[in-house]
Amino acid sequence: MSTAFDDVLAANEDYVRDFGLAGLEPVAARGLALVTCMDSRIEPLDMLGLKPGDAKILRNAGARVTDDTLRTLVLAVYLLGVNRVMVLPHTRCKMASVSGDAEVHDIIATQYGVDTRSLEFHTDNDQIGALRHDLERIRHHPLLPADLAVMGALYDVDTGRVTPVRE
């Protein structure tokens, strides 16, 4: 019986044959949590010179610091060895190219007939402004340490360059 997932399950069989990550500790060996976008053009480990086990990687649409992201960062800081956080959106992001959530809701309703108004997508066409806002959410979260190192940067999907954002 064929399924929509045969390709990835077959690839996993190849992966298992050469699997070399057994025994890795669950902590972030380099103390880093990276919040980035789910975009498949982003290779978080390679672009930052990391290897498996070095960082906790949180991905969502637009690399936004949502309530769930903050919950995960609290766990990462206190239970998983994280002592610094980088928030890293990217150029040519769909979530930054629309005028707001209303536009996304309209597109989905028009093209697919699905009413998504019960969801908040956290779109913002002022990508750097949204990034600065998200950095402040981390810095001022009452459950995160005041001395937690936090930075924002922008990843260029056309060059691979990570550019720190001045605050």
# chains A, B, ... in the order shown; residues from 1 in each chain; ligands from 1
call {"tool": "closest_atom_pairs", "arguments": {"of": "segment 104-139 of chain A", "to": "segment 48-71 of chain A", "cutoff": "10 Å", "atoms": "only C-alpha atoms", "output": "Markdown table"}}
result
| residue | atom | partner | partner_atom | distance |
| --- | --- | --- | --- | --- |
| A:Glu120 | CA | A:Thr66 | CA | 9.9 |
| A:Phe121 | CA | A:Ala61 | CA | 7.8 |
| A:His122 | CA | A:Arg64 | CA | 7.0 |
| A:Thr123 | CA | A:Gly62 | CA | 7.2 |
| A:Asp124 | CA | A:Gly62 | CA | 8.8 |
| A:Gln127 | CA | A:Gly62 | CA | 8.9 |
| A:Ala130 | CA | A:Arg64 | CA | 8.0 |
| A:Leu131 | CA | A:Arg64 | CA | 7.5 |
| A:His133 | CA | A:Val65 | CA | 8.8 |
| A:Asp134 | CA | A:Val65 | CA | 5.3 |
| A:Leu135 | CA | A:Val65 | CA | 7.9 |
| A:Glu136 | CA | A:Val65 | CA | 9.7 |
| A:Arg137 | CA | A:Val65 | CA | 7.4 |
| A:Ile138 | CA | A:Leu70 | CA | 7.0 |
call {"tool": "write_last_selection", "arguments": {"atoms": "N, CA and C atoms", "output": "PDB file, in the first residue's frame"}}
result
ATOM      1  N   GLU A 120      -4.288  33.656  14.505  1.00  0.00           N
ATOM      2  CA  GLU A 120      -3.466  34.846  14.368  1.00  0.00           C
ATOM      3  C   GLU A 120      -2.166  34.416  13.709  1.00  0.00           C
ATOM      4  N   PHE A 121      -1.841  35.006  12.558  1.00  0.00           N
ATOM      5  CA  PHE A 121      -0.659  34.599  11.800  1.00  0.00           C
ATOM      6  C   PHE A 121       0.584  35.428  12.119  1.00  0.00           C
ATOM      7  N   HIS A 122       0.427  36.544  12.802  1.00  0.00           N
ATOM      8  CA  HIS A 122       1.553  37.395  13.203  1.00  0.00           C
ATOM      9  C   HIS A 122       2.317  37.950  12.000  1.00  0.00           C
ATOM     10  N   THR A 123       1.595  38.257  10.928  1.00  0.00           N
ATOM     11  CA  THR A 123       2.251  38.861   9.771  1.00  0.00           C
ATOM     12  C   THR A 123       2.573  40.319  10.072  1.00  0.00           C
ATOM     13  N   ASP A 124       3.599  40.826   9.397  1.00  0.00           N
ATOM     14  CA  ASP A 124       3.982  42.224   9.577  1.00  0.00           C
ATOM     15  C   ASP A 124       4.907  42.605   8.435  1.00  0.00           C
ATOM     16  N   GLN A 127       9.261  44.183   8.699  1.00  0.00           N
ATOM     17  CA  GLN A 127       9.970  43.023   9.237  1.00  0.00           C
ATOM     18  C   GLN A 127      10.960  43.399  10.332  1.00  0.00           C
ATOM     19  N   ALA A 130       9.031  44.425  13.434  1.00  0.00           N
ATOM     20  CA  ALA A 130       8.490  43.227  14.094  1.00  0.00           C
ATOM     21  C   ALA A 130       9.595  42.490  14.841  1.00  0.00           C
ATOM     22  N   LEU A 131      10.770  42.398  14.242  1.00  0.00           N
ATOM     23  CA  LEU A 131      11.903  41.747  14.898  1.00  0.00           C
ATOM     24  C   LEU A 131      12.264  42.481  16.188  1.00  0.00           C
ATOM     25  N   HIS A 133      10.369  44.333  18.023  1.00  0.00           N
ATOM     26  CA  HIS A 133       9.286  44.076  18.975  1.00  0.00           C
ATOM     27  C   HIS A 133       9.451  42.699  19.619  1.00  0.00           C
ATOM     28  N   ASP A 134       9.765  41.695  18.804  1.00  0.00           N
ATOM     29  CA  ASP A 134       9.932  40.337  19.313  1.00  0.00           C
ATOM     30  C   ASP A 134      11.122  40.223  20.259  1.00  0.00           C
ATOM     31  N   LEU A 135      12.202  40.929  19.959  1.00  0.00           N
ATOM     32  CA  LEU A 135      13.367  40.926  20.847  1.00  0.00           C
ATOM     33  C   LEU A 135      12.996  41.511  22.209  1.00  0.00           C
ATOM     34  N   GLU A 136      12.198  42.559  22.200  1.00  0.00           N
ATOM     35  CA  GLU A 136      11.754  43.162  23.459  1.00  0.00           C
ATOM     36  C   GLU A 136      10.847  42.214  24.238  1.00  0.00           C
ATOM     37  N   ARG A 137      10.028  41.436  23.542  1.00  0.00           N
ATOM     38  CA  ARG A 137       9.179  40.452  24.228  1.00  0.00           C
ATOM     39  C   ARG A 137      10.041  39.454  24.997  1.00  0.00           C
ATOM     40  N   ILE A 138      11.143  39.040  24.410  1.00  0.00           N
ATOM     41  CA  ILE A 138      12.042  38.101  25.093  1.00  0.00           C
ATOM     42  C   ILE A 138      12.721  38.796  26.259  1.00  0.00           C
TER      43      ILE A 138
END
call {"tool": "closest_residue", "arguments": {"among": "A:Met95, A:Val35, A:Gly160, A:Ala102", "to": "Thr116 of chain A", "atoms": "only C-alpha atoms"}}
result
A:Ala102
call {"tool": "select_by_dssp", "arguments": {"residues": "segment 4-155 of chain A", "states": "alpha helix (DSSP H)", "output": "number ranges by chain"}}
result
A: 6-17, 44-47, 67-79, 101-112, 127-139
call {"tool": "write_last_selection", "arguments": {"atoms": "C-alpha atoms", "output": "PDB file, in the first residue's frame"}}
result
ATOM      1  CA  ASP A   6       6.685   6.673   1.146  1.00  0.00           C
ATOM      2  CA  ASP A   7       9.521   8.909  -0.069  1.00  0.00           C
ATOM      3  CA  VAL A   8      10.402  10.269   3.353  1.00  0.00           C
ATOM      4  CA  LEU A   9      10.060   6.891   5.066  1.00  0.00           C
ATOM      5  CA  ALA A  10      12.387   5.344   2.485  1.00  0.00           C
ATOM      6  CA  ALA A  11      14.871   8.173   3.011  1.00  0.00           C
ATOM      7  CA  ASN A  12      14.730   7.518   6.743  1.00  0.00           C
ATOM      8  CA  GLU A  13      15.782   3.918   6.159  1.00  0.00           C
ATOM      9  CA  ASP A  14      18.939   5.236   4.460  1.00  0.00           C
ATOM     10  CA  TYR A  15      19.476   7.705   7.316  1.00  0.00           C
ATOM     11  CA  VAL A  16      19.190   4.968   9.942  1.00  0.00           C
ATOM     12  CA  ARG A  17      21.941   2.928   8.283  1.00  0.00           C
ATOM     13  CA  PRO A  44      20.119  26.657  10.493  1.00  0.00           C
ATOM     14  CA  LEU A  45      23.040  24.433  11.439  1.00  0.00           C
ATOM     15  CA  ASP A  46      25.153  25.014   8.347  1.00  0.00           C
ATOM     16  CA  MET A  47      24.600  28.767   8.125  1.00  0.00           C
ATOM     17  CA  ASP A  67       3.442  32.989  23.262  1.00  0.00           C
ATOM     18  CA  ASP A  68       4.366  29.420  22.356  1.00  0.00           C
ATOM     19  CA  THR A  69       7.886  30.523  21.412  1.00  0.00           C
ATOM     20  CA  LEU A  70       8.245  32.220  24.800  1.00  0.00           C
ATOM     21  CA  ARG A  71       6.987  29.092  26.576  1.00  0.00           C
ATOM     22  CA  THR A  72       9.559  27.030  24.712  1.00  0.00           C
ATOM     23  CA  LEU A  73      12.350  29.501  25.489  1.00  0.00           C
ATOM     24  CA  VAL A  74      11.547  29.331  29.202  1.00  0.00           C
ATOM     25  CA  LEU A  75      11.928  25.539  29.043  1.00  0.00           C
ATOM     26  CA  ALA A  76      15.090  25.817  26.967  1.00  0.00           C
ATOM     27  CA  VAL A  77      16.723  28.253  29.400  1.00  0.00           C
ATOM     28  CA  TYR A  78      15.919  26.391  32.599  1.00  0.00           C
ATOM     29  CA  LEU A  79      16.043  22.769  31.435  1.00  0.00           C
ATOM     30  CA  ASP A 101      -3.299  38.974   8.816  1.00  0.00           C
ATOM     31  CA  ALA A 102      -6.506  40.167   7.138  1.00  0.00           C
ATOM     32  CA  GLU A 103      -4.869  39.801   3.727  1.00  0.00           C
ATOM     33  CA  VAL A 104      -3.769  36.234   4.498  1.00  0.00           C
ATOM     34  CA  HIS A 105      -7.247  35.343   5.766  1.00  0.00           C
ATOM     35  CA  ASP A 106      -8.749  36.782   2.547  1.00  0.00           C
ATOM     36  CA  ILE A 107      -6.320  34.895   0.295  1.00  0.00           C
ATOM     37  CA  ILE A 108      -7.019  31.573   1.994  1.00  0.00           C
ATOM     38  CA  ALA A 109     -10.796  32.172   2.006  1.00  0.00           C
ATOM     39  CA  THR A 110     -10.838  33.197  -1.661  1.00  0.00           C
ATOM     40  CA  GLN A 111      -8.539  30.479  -2.973  1.00  0.00           C
ATOM     41  CA  TYR A 112      -9.524  27.578  -0.701  1.00  0.00           C
ATOM     42  CA  GLN A 127       9.970  43.023   9.237  1.00  0.00           C
ATOM     43  CA  ILE A 128      12.683  44.853  11.163  1.00  0.00           C
ATOM     44  CA  GLY A 129      10.119  46.587  13.365  1.00  0.00           C
ATOM     45  CA  ALA A 130       8.490  43.227  14.094  1.00  0.00           C
ATOM     46  CA  LEU A 131      11.903  41.747  14.898  1.00  0.00           C
ATOM     47  CA  ARG A 132      12.692  44.568  17.329  1.00  0.00           C
ATOM     48  CA  HIS A 133       9.286  44.076  18.975  1.00  0.00           C
ATOM     49  CA  ASP A 134       9.932  40.337  19.313  1.00  0.00           C
ATOM     50  CA  LEU A 135      13.367  40.926  20.847  1.00  0.00           C
ATOM     51  CA  GLU A 136      11.754  43.162  23.459  1.00  0.00           C
ATOM     52  CA  ARG A 137       9.179  40.452  24.228  1.00  0.00           C
ATOM     53  CA  ILE A 138      12.042  38.101  25.093  1.00  0.00           C
ATOM     54  CA  ARG A 139      14.041  40.676  27.033  1.00  0.00           C
TER      55      ARG A 139
END
call {"tool": "closest_residue", "arguments": {"among": "A:Leu144, A:Ala28, A:Val150, A:Leu119", "to": "Val87 of chain A", "atoms": "only C-alpha atoms"}}
result
A:Val150
call {"tool": "select_by_dssp", "arguments": {"residues": "chain A", "states": "strand (DSSP E or B)", "output": "count of residues only"}}
result
28
call {"tool": "atom_distance", "arguments": {"atom1": "atom CA of Leu34 of chain A", "atom2": "atom CA of Thr163 of chain A"}}
result
14.5 Å
call {"tool": "atom_distance", "arguments": {"atom1": "atom CA of Leu143 of chain A", "atom2": "atom CA of Glu43 of chain A"}}
result
29.6 Å
call {"tool": "closest_residue", "arguments": {"among": "A:Gly152, A:Pro164, A:Gly31, A:Gly20", "to": "Arg84 of chain A", "atoms": "only C-alpha atoms"}}
result
A:Gly31
call {"tool": "closest_residue", "arguments": {"among": "A:Ser118, A:Ser2, A:Thr36, A:Asn125", "to": "Pro89 of chain A", "atoms": "only C-alpha atoms"}}
result
A:Thr36
call {"tool": "atom_distance", "arguments": {"atom1": "atom CA of Asp18 of chain A", "atom2": "atom CA of Phe5 of chain A"}}
result
20.9 Å
call {"tool": "residues_around", "arguments": {"residues": "Arg92 of chain A", "least_positions_apart": "2", "cutoff": "10 Å", "atoms": "only C-alpha atoms", "output": "VMD selection string"}}
result
chain A and resid 89 to 90 94 to 97 155 to 158
call {"tool": "closest_residue", "arguments": {"among": "A:Val82, A:Leu154, A:Val114, A:Leu88", "to": "Val27 of chain A", "atoms": "only C-alpha atoms"}}
result
A:Val82
